[in-house]
file data.csv (CSV, C-alpha atoms)
chain,number,residue,atom,x,y,z
F,1,MET,CA,112.8,221.3,99.0
F,2,SER,CA,115.8,223.6,98.9
F,3,GLU,CA,115.5,227.4,98.3
F,4,LEU,CA,117.5,227.0,95.1
F,5,ILE,CA,115.0,224.5,93.5
F,6,LEU,CA,112.0,226.6,94.6
F,7,ALA,CA,113.6,229.7,93.1
F,8,LEU,CA,114.3,227.9,89.8
F,9,ILE,CA,110.7,226.6,89.6
F,10,ALA,CA,109.1,229.9,90.6
F,11,GLY,CA,111.3,231.8,88.2
F,12,GLY,CA,110.4,229.5,85.3
F,13,VAL,CA,106.7,230.0,85.9
F,14,VAL,CA,107.1,233.8,86.1
F,15,GLY,CA,109.1,233.9,82.9
F,16,LEU,CA,106.5,231.7,81.1
F,17,ALA,CA,103.8,234.1,82.0
F,18,LEU,CA,105.7,237.2,81.0
F,19,GLY,CA,106.8,235.8,77.7
F,20,ALA,CA,103.5,234.3,76.7
F,21,LEU,CA,101.2,237.1,77.9
F,22,GLY,CA,103.3,240.2,78.0
F,23,GLY,CA,102.7,240.7,81.7
F,24,GLY,CA,101.5,239.1,84.8
F,25,GLY,CA,104.8,237.5,85.8
F,26,SER,CA,105.5,239.9,88.7
F,27,VAL,CA,102.0,239.3,90.1
F,28,LEU,CA,103.2,235.7,90.7
F,29,ALA,CA,106.8,236.7,91.7
F,30,VAL,CA,105.8,238.6,94.8
F,31,PRO,CA,103.7,235.9,96.5
F,32,ALA,CA,106.4,233.3,95.5
F,33,LEU,CA,109.1,235.4,97.1
F,34,ILE,CA,107.0,235.9,100.3
F,35,TYR,CA,105.5,232.5,100.9
F,36,LEU,CA,108.0,230.1,99.3
F,37,LEU,CA,111.3,232.0,99.9
F,38,GLY,CA,110.6,233.9,103.1
F,39,PHE,CA,110.9,237.5,101.9
F,40,THR,CA,109.1,240.3,103.6
F,41,PRO,CA,106.5,242.1,101.4
F,42,ALA,CA,108.8,245.2,101.1
F,43,ALA,CA,111.8,243.1,100.2
F,44,ALA,CA,109.7,240.9,97.8
F,45,SER,CA,108.5,244.0,95.9
F,46,THR,CA,112.1,245.2,95.4
F,47,ALA,CA,113.3,241.8,94.4
F,48,ALA,CA,110.4,241.4,92.0
F,49,LEU,CA,111.4,244.7,90.3
F,50,LEU,CA,114.9,243.4,89.7
F,51,ILE,CA,113.5,240.1,88.3
F,52,VAL,CA,110.9,241.8,86.1
F,53,LEU,CA,113.4,244.4,84.8
F,54,ALA,CA,115.9,241.7,83.7
F,55,THR,CA,113.2,239.4,82.3
F,56,SER,CA,111.3,242.2,80.5
F,57,LEU,CA,114.5,243.5,78.8
F,58,THR,CA,115.2,240.0,77.6
F,59,ALA,CA,111.7,239.5,76.3
F,60,LEU,CA,111.7,243.0,74.8
F,61,TYR,CA,114.7,242.0,72.6
F,62,GLY,CA,112.8,239.1,71.2
F,63,HIS,CA,109.7,241.2,70.4
F,64,ALA,CA,111.9,243.9,68.9
F,65,ARG,CA,113.5,241.5,66.5
F,66,ALA,CA,109.9,240.4,65.5
F,67,ARG,CA,109.1,244.2,65.0
F,68,ASN,CA,106.3,244.0,67.6
F,69,VAL,CA,107.5,247.1,69.5
F,70,ARG,CA,106.2,250.7,68.8
F,71,TRP,CA,109.2,252.6,70.2
F,72,ARG,CA,107.9,256.1,70.0
F,73,ALA,CA,104.5,255.5,71.4
F,74,GLY,CA,105.9,253.2,74.1
F,75,ALA,CA,108.5,255.8,75.2
F,76,LEU,CA,105.8,258.5,75.5
F,77,PHE,CA,103.5,256.1,77.5
F,78,ALA,CA,106.4,255.1,79.8
F,79,ALA,CA,107.6,258.7,80.3
F,80,ALA,CA,104.2,259.6,81.9
F,81,GLY,CA,104.8,256.9,84.5
F,82,LEU,CA,108.5,257.6,85.5
F,83,LEU,CA,107.9,260.2,88.2
F,84,PRO,CA,104.9,258.3,89.7
F,85,ALA,CA,106.9,255.1,89.7
F,86,ALA,CA,109.8,256.8,91.5
F,87,ALA,CA,107.6,258.6,94.1
F,88,ALA,CA,105.6,255.4,94.8
F,89,GLY,CA,108.8,253.4,95.2
F,90,ALA,CA,110.0,255.8,97.9
F,91,LEU,CA,106.7,255.6,99.7
F,92,ALA,CA,106.5,251.8,99.6
F,93,ALA,CA,109.2,251.3,102.3
F,94,ARG,CA,107.2,253.4,104.8
F,95,LEU,CA,103.9,251.6,104.5
F,96,PRO,CA,102.9,248.8,106.9
F,97,GLN,CA,103.6,245.3,105.7
F,98,PRO,CA,100.0,244.0,106.0
F,99,LEU,CA,98.7,247.0,104.0
F,100,LEU,CA,101.2,246.2,101.2
F,101,THR,CA,100.1,242.6,101.2
F,102,ALA,CA,96.4,243.5,101.1
F,103,ALA,CA,97.0,246.0,98.3
F,104,PHE,CA,98.9,243.5,96.3
F,105,ALA,CA,96.1,240.9,96.8
F,106,ALA,CA,93.6,243.4,95.5
F,107,VAL,CA,95.7,244.1,92.4
F,108,ALA,CA,96.2,240.4,91.8
F,109,ALA,CA,92.5,239.8,91.9
F,110,ALA,CA,91.8,242.7,89.6
F,111,ALA,CA,94.4,241.3,87.2
F,112,ALA,CA,92.7,237.9,87.3
F,113,VAL,CA,89.3,239.3,86.5
F,114,ARG,CA,90.8,241.3,83.7
F,115,MET,CA,92.4,238.2,82.2
F,116,LEU,CA,89.1,236.3,82.5
F,117,ARG,CA,87.6,239.0,80.2
F,118,PRO,CA,90.1,239.0,77.3
F,119,VAL,CA,90.8,242.3,75.6
F,120,GLN,CA,88.8,242.9,72.5
F,121,ASP,CA,89.7,245.2,69.6
F,122,VAL,CA,87.5,248.2,70.3
F,123,PRO,CA,87.4,251.7,69.0
F,124,ALA,CA,90.0,253.8,70.7
F,125,GLY,CA,87.9,256.9,71.0
F,126,PRO,CA,88.4,260.4,69.5
F,127,ARG,CA,91.9,260.9,68.3
F,128,GLY,CA,92.3,264.2,70.2
F,129,SER,CA,91.6,262.4,73.5
F,130,ARG,CA,94.2,259.7,73.1
F,131,PRO,CA,97.3,261.6,74.3
F,132,ALA,CA,95.6,262.6,77.6
F,133,ARG,CA,94.2,259.1,78.1
F,134,ALA,CA,97.6,257.5,77.4
F,135,ALA,CA,99.3,259.9,79.8
F,136,GLY,CA,96.8,259.1,82.5
F,137,ALA,CA,97.1,255.3,82.0
F,138,GLY,CA,100.9,255.6,81.9
F,139,ALA,CA,101.0,257.6,85.2
F,140,GLY,CA,98.7,255.1,86.9
F,141,LEU,CA,100.7,252.2,85.7
F,142,GLY,CA,104.0,253.8,86.9
F,143,ALA,CA,102.6,254.4,90.4
F,144,LEU,CA,101.4,250.8,90.6
F,145,THR,CA,104.9,249.5,89.6
F,146,GLY,CA,106.7,251.7,92.1
F,147,LEU,CA,104.4,250.9,95.0
F,148,LEU,CA,103.9,247.1,94.7
F,149,GLY,CA,106.8,246.0,92.6
F,150,VAL,CA,104.6,244.8,89.7
F,151,GLY,CA,105.5,245.4,86.1
F,152,GLY,CA,101.9,246.1,85.2
F,153,GLY,CA,101.8,244.4,81.9
F,154,PHE,CA,98.4,243.0,82.7
F,155,LEU,CA,97.2,246.6,82.7
F,156,ALA,CA,99.6,248.0,80.0
F,157,VAL,CA,98.4,245.6,77.3
F,158,PRO,CA,94.7,246.4,77.5
F,159,ALA,CA,95.5,250.1,77.8
F,160,LEU,CA,97.6,250.1,74.7
F,161,VAL,CA,94.9,248.2,72.8
F,162,THR,CA,92.0,250.3,73.9
F,163,VAL,CA,93.6,253.8,74.2
F,164,LEU,CA,96.1,253.7,71.3
F,165,ALA,CA,94.4,251.1,69.1
F,166,PHE,CA,97.4,248.7,69.0
F,167,GLU,CA,97.0,245.2,67.7
F,168,MET,CA,97.6,242.6,70.3
F,169,GLN,CA,101.1,241.6,69.4
F,170,ALA,CA,102.3,245.2,69.2
F,171,ALA,CA,100.6,245.9,72.6
F,172,ILE,CA,102.5,242.9,74.2
F,173,GLY,CA,105.8,244.0,72.7
F,174,THR,CA,105.4,247.6,73.6
F,175,SER,CA,104.2,246.8,77.1
F,176,LEU,CA,107.6,245.3,77.8
F,177,LEU,CA,109.3,248.6,77.0
F,178,VAL,CA,106.9,250.3,79.4
F,179,ILE,CA,107.5,247.7,82.1
F,180,SER,CA,111.3,248.0,81.8
F,181,ALA,CA,111.2,251.8,82.1
F,182,ASN,CA,108.9,251.9,85.1
F,183,SER,CA,110.8,249.1,86.9
F,184,LEU,CA,114.1,251.0,86.4
F,185,ALA,CA,112.6,254.3,87.7
F,186,SER,CA,111.2,252.6,90.8
F,187,LEU,CA,114.5,250.8,91.5
F,188,ALA,CA,116.3,254.1,91.4
F,189,THR,CA,114.5,255.2,94.5
F,190,ARG,CA,115.0,251.9,96.3
F,191,GLY,CA,118.8,251.9,95.9
F,192,ALA,CA,119.4,251.5,99.6
F,193,THR,CA,117.0,248.6,100.0
F,194,THR,CA,118.6,246.5,97.2
F,195,ALA,CA,121.6,246.1,99.4
F,196,GLY,CA,119.7,243.6,101.5
F,197,VAL,CA,118.5,241.5,98.6
F,198,ASP,CA,119.5,237.8,98.8
F,199,TRP,CA,121.3,237.5,95.5
F,200,ALA,CA,121.8,233.7,96.1
F,201,VAL,CA,118.1,233.4,95.6
F,202,ILE,CA,117.4,236.2,93.2
F,203,GLY,CA,120.1,235.2,90.8
F,204,PRO,CA,118.8,231.7,90.0
F,205,PHE,CA,115.2,233.0,90.1
F,206,THR,CA,116.0,235.7,87.5
F,207,GLY,CA,118.0,233.3,85.3
F,208,ALA,CA,115.1,230.8,85.3
F,209,ALA,CA,112.6,233.6,84.5
F,210,ILE,CA,114.7,234.8,81.6
F,211,LEU,CA,114.8,231.3,80.1
F,212,GLY,CA,111.1,230.9,80.8
F,213,ALA,CA,110.3,234.1,79.0
F,214,TRP,CA,111.8,232.7,75.7
F,215,ASP,CA,109.8,229.5,76.2
F,216,GLY,CA,106.7,231.5,76.9
F,217,LYS,CA,107.0,233.4,73.7
F,218,ARG,CA,107.1,230.1,71.8
F,219,LEU,CA,104.3,228.7,73.9
F,220,ALA,CA,102.1,231.6,72.9
F,221,THR,CA,102.3,230.6,69.2
F,222,ARG,CA,101.1,227.0,70.0
F,223,ILE,CA,98.4,227.5,72.6
F,224,SER,CA,95.4,229.8,72.2
F,225,GLY,CA,95.7,233.1,74.1
F,226,PRO,CA,92.3,232.8,75.8
F,227,LEU,CA,93.3,229.4,77.3
F,228,LEU,CA,96.6,230.8,78.6
F,229,GLN,CA,94.8,233.8,80.1
F,230,ARG,CA,92.1,231.7,81.8
F,231,THR,CA,94.6,229.3,83.3
F,232,PHE,CA,96.8,232.1,84.6
F,233,ALA,CA,93.8,234.0,86.0
F,234,VAL,CA,92.7,231.0,88.1
F,235,VAL,CA,96.2,230.8,89.6
F,236,LEU,CA,96.1,234.5,90.3
F,237,LEU,CA,92.7,234.4,92.0
F,238,ALA,CA,94.0,231.6,94.3
F,239,ALA,CA,97.1,233.6,95.2
F,240,ALA,CA,95.1,236.8,95.8
F,241,ALA,CA,92.6,234.9,98.2
F,242,PHE,CA,95.5,233.4,100.1
F,243,MET,CA,97.4,236.8,100.5
F,244,LEU,CA,94.2,238.7,101.5
F,245,THR,CA,93.5,236.1,104.2
F,246,ASP,CA,97.0,236.3,105.4
F,247,ALA,CA,96.9,240.1,105.5
F,248,LEU,CA,93.6,240.2,107.5
F,249,THR,CA,94.7,237.6,110.0
call {"tool": "encode", "arguments": {"input": "data.csv", "output": "structure tokens"}}
result
Amino acid sequence: MSELILALIAGGVVGLALGALGGGGSVLAVPALIYLLGFTPAAASTAALLIVLATSLTALYGHARARNVRWRAGALFAAAGLLPAAAAGALAARLPQPLLTAAFAAVAAAAAVRMLRPVQDVPAGPRGSRPARAAGAGAGLGALTGLLGVGGGFLAVPALVTVLAFEMQAAIGTSLLVISANSLASLATRGATTAGVDWAVIGPFTGAAILGAWDGKRLATRISGPLLQRTFAVVLLAAAAFMLTDALT
């Protein structure tokens, strides 16, 4: 199967996940780029950031039209992660490739476990503690985005629900704003590495992901959220197990 066809299929799956769940697409993008398209872990994380940025901005537009984005809260949440994202992005190029692969596998497994336990509407805690908790969550999310090239929507959505007491649709829409900001900050520190990106692969991958994100948003209205999350979680666990085995051997 040619690289172009593989890129289109993988991009469509990534977009579906991002559009339907508000996150998780980049957790599939990185292993797809490494094992299907031959990227190194460092190059895959940079390419994934480009894909996630373009796809998130597209999906953000759709959620903004539906008034599912809390702009002020999302901007504050994202601002806490900008410096950590930039610093971690600069560090990523200096780490050993097996370490990046193992770290990514651990994050993918954590994301899968999180999705197997759907977020519940729970009390957000004392109002006075919310800004500090939101800043801490935003900083951690930014560092994760910069280091591994993941958008972090699988962490941003539950954080927005539990820390800021957002309803689920608002959390999904706002998470796309956070993902976009963190991805852009991380890419700013990887400017030199983007020169080696294979645009003949990334272009079709990104285009398919953007189209998939629109389909994913419609899919989310037809299929129950828990079913989507469980299916995606099983795929993530399989990918995490494969990547961890690869890193260790």
call {"tool": "atom_distance", "arguments": {"input": "data.csv", "atom1": "CA of Leu236 in chain F", "atom2": "CA of Gly19 in chain F"}}
result
16.6 Å
call {"tool": "atom_distance", "arguments": {"input": "data.csv", "atom1": "CA of Ala247 in chain F", "atom2": "CA of Leu49 in chain F"}}
result
21.5 Å
call {"tool": "atom_distance", "arguments": {"input": "data.csv", "atom1": "CA of Thr162 in chain F", "atom2": "CA of Gly212 in chain F"}}
result
28.1 Å
call {"tool": "residues_around", "arguments": {"input": "data.csv", "residues": "range 78-87 of chain F", "least_positions_apart": "2", "cutoff": "7 Å", "atoms": "all atoms listed in the file", "output": "PyMOL selection string"}}
result
chain F and resi 74-76+89-91+135+138-143+145-146+178+181-182+185-186+189
call {"tool": "residues_near_point", "arguments": {"input": "data.csv", "point": "(110.8, 238.6, 71.8)", "cutoff": "10 Å", "atoms": "only C-alpha atoms", "output": "PyMOL selection string"}}
result
chain F and resi 19-20+22+56-69+172-173+176+213-214+216-218
call {"tool": "residues_around", "arguments": {"input": "data.csv", "residues": "Thr55 in chain F", "least_positions_apart": "3", "cutoff": "8 Å", "atoms": "all atoms listed in the file", "output": "PyMOL selection string"}}
result
chain F and resi 15+18+51-52+58-59+206+209-210+213
call {"tool": "residues_around", "arguments": {"input": "data.csv", "residues": "Pro31 in chain F", "least_positions_apart": "3", "cutoff": "12 Å", "atoms": "only C-alpha atoms", "output": "PyMOL selection string"}}
result
chain F and resi 10-11+14+25-28+34-45+47-48+100-102+104-105+108+148-150+235-244+246
call {"tool": "closest_residue", "arguments": {"input": "data.csv", "among": "F:Thr249, F:Leu99, F:Thr231, F:Ala208", "to": "Gly12 in chain F", "atoms": "all atoms listed in the file"}}
result
F:Ala208
call {"tool": "closest_residue", "arguments": {"input": "data.csv", "among": "F:Ala106, F:Val30, F:Ala112, F:Ile202", "to": "Thr245 in chain F", "atoms": "only C-alpha atoms"}}
result
F:Ala106
call {"tool": "closest_residue", "arguments": {"input": "data.csv", "among": "F:Ala137, F:Val13, F:Leu53, F:Ala32", "to": "Leu187 in chain F", "atoms": "all atoms listed in the file"}}
result
F:Leu53
call {"tool": "closest_residue", "arguments": {"input": "data.csv", "among": "F:Met168, F:Leu211, F:Ala54, F:Val107", "to": "Ile9 in chain F", "atoms": "all atoms listed in the file"}}
result
F:Leu211
call {"tool": "closest_residue", "arguments": {"input": "data.csv", "among": "F:Ala29, F:Ala111, F:Ala156, F:Leu164", "to": "Ser180 in chain F", "atoms": "all atoms listed in the file"}}
result
F:Ala156
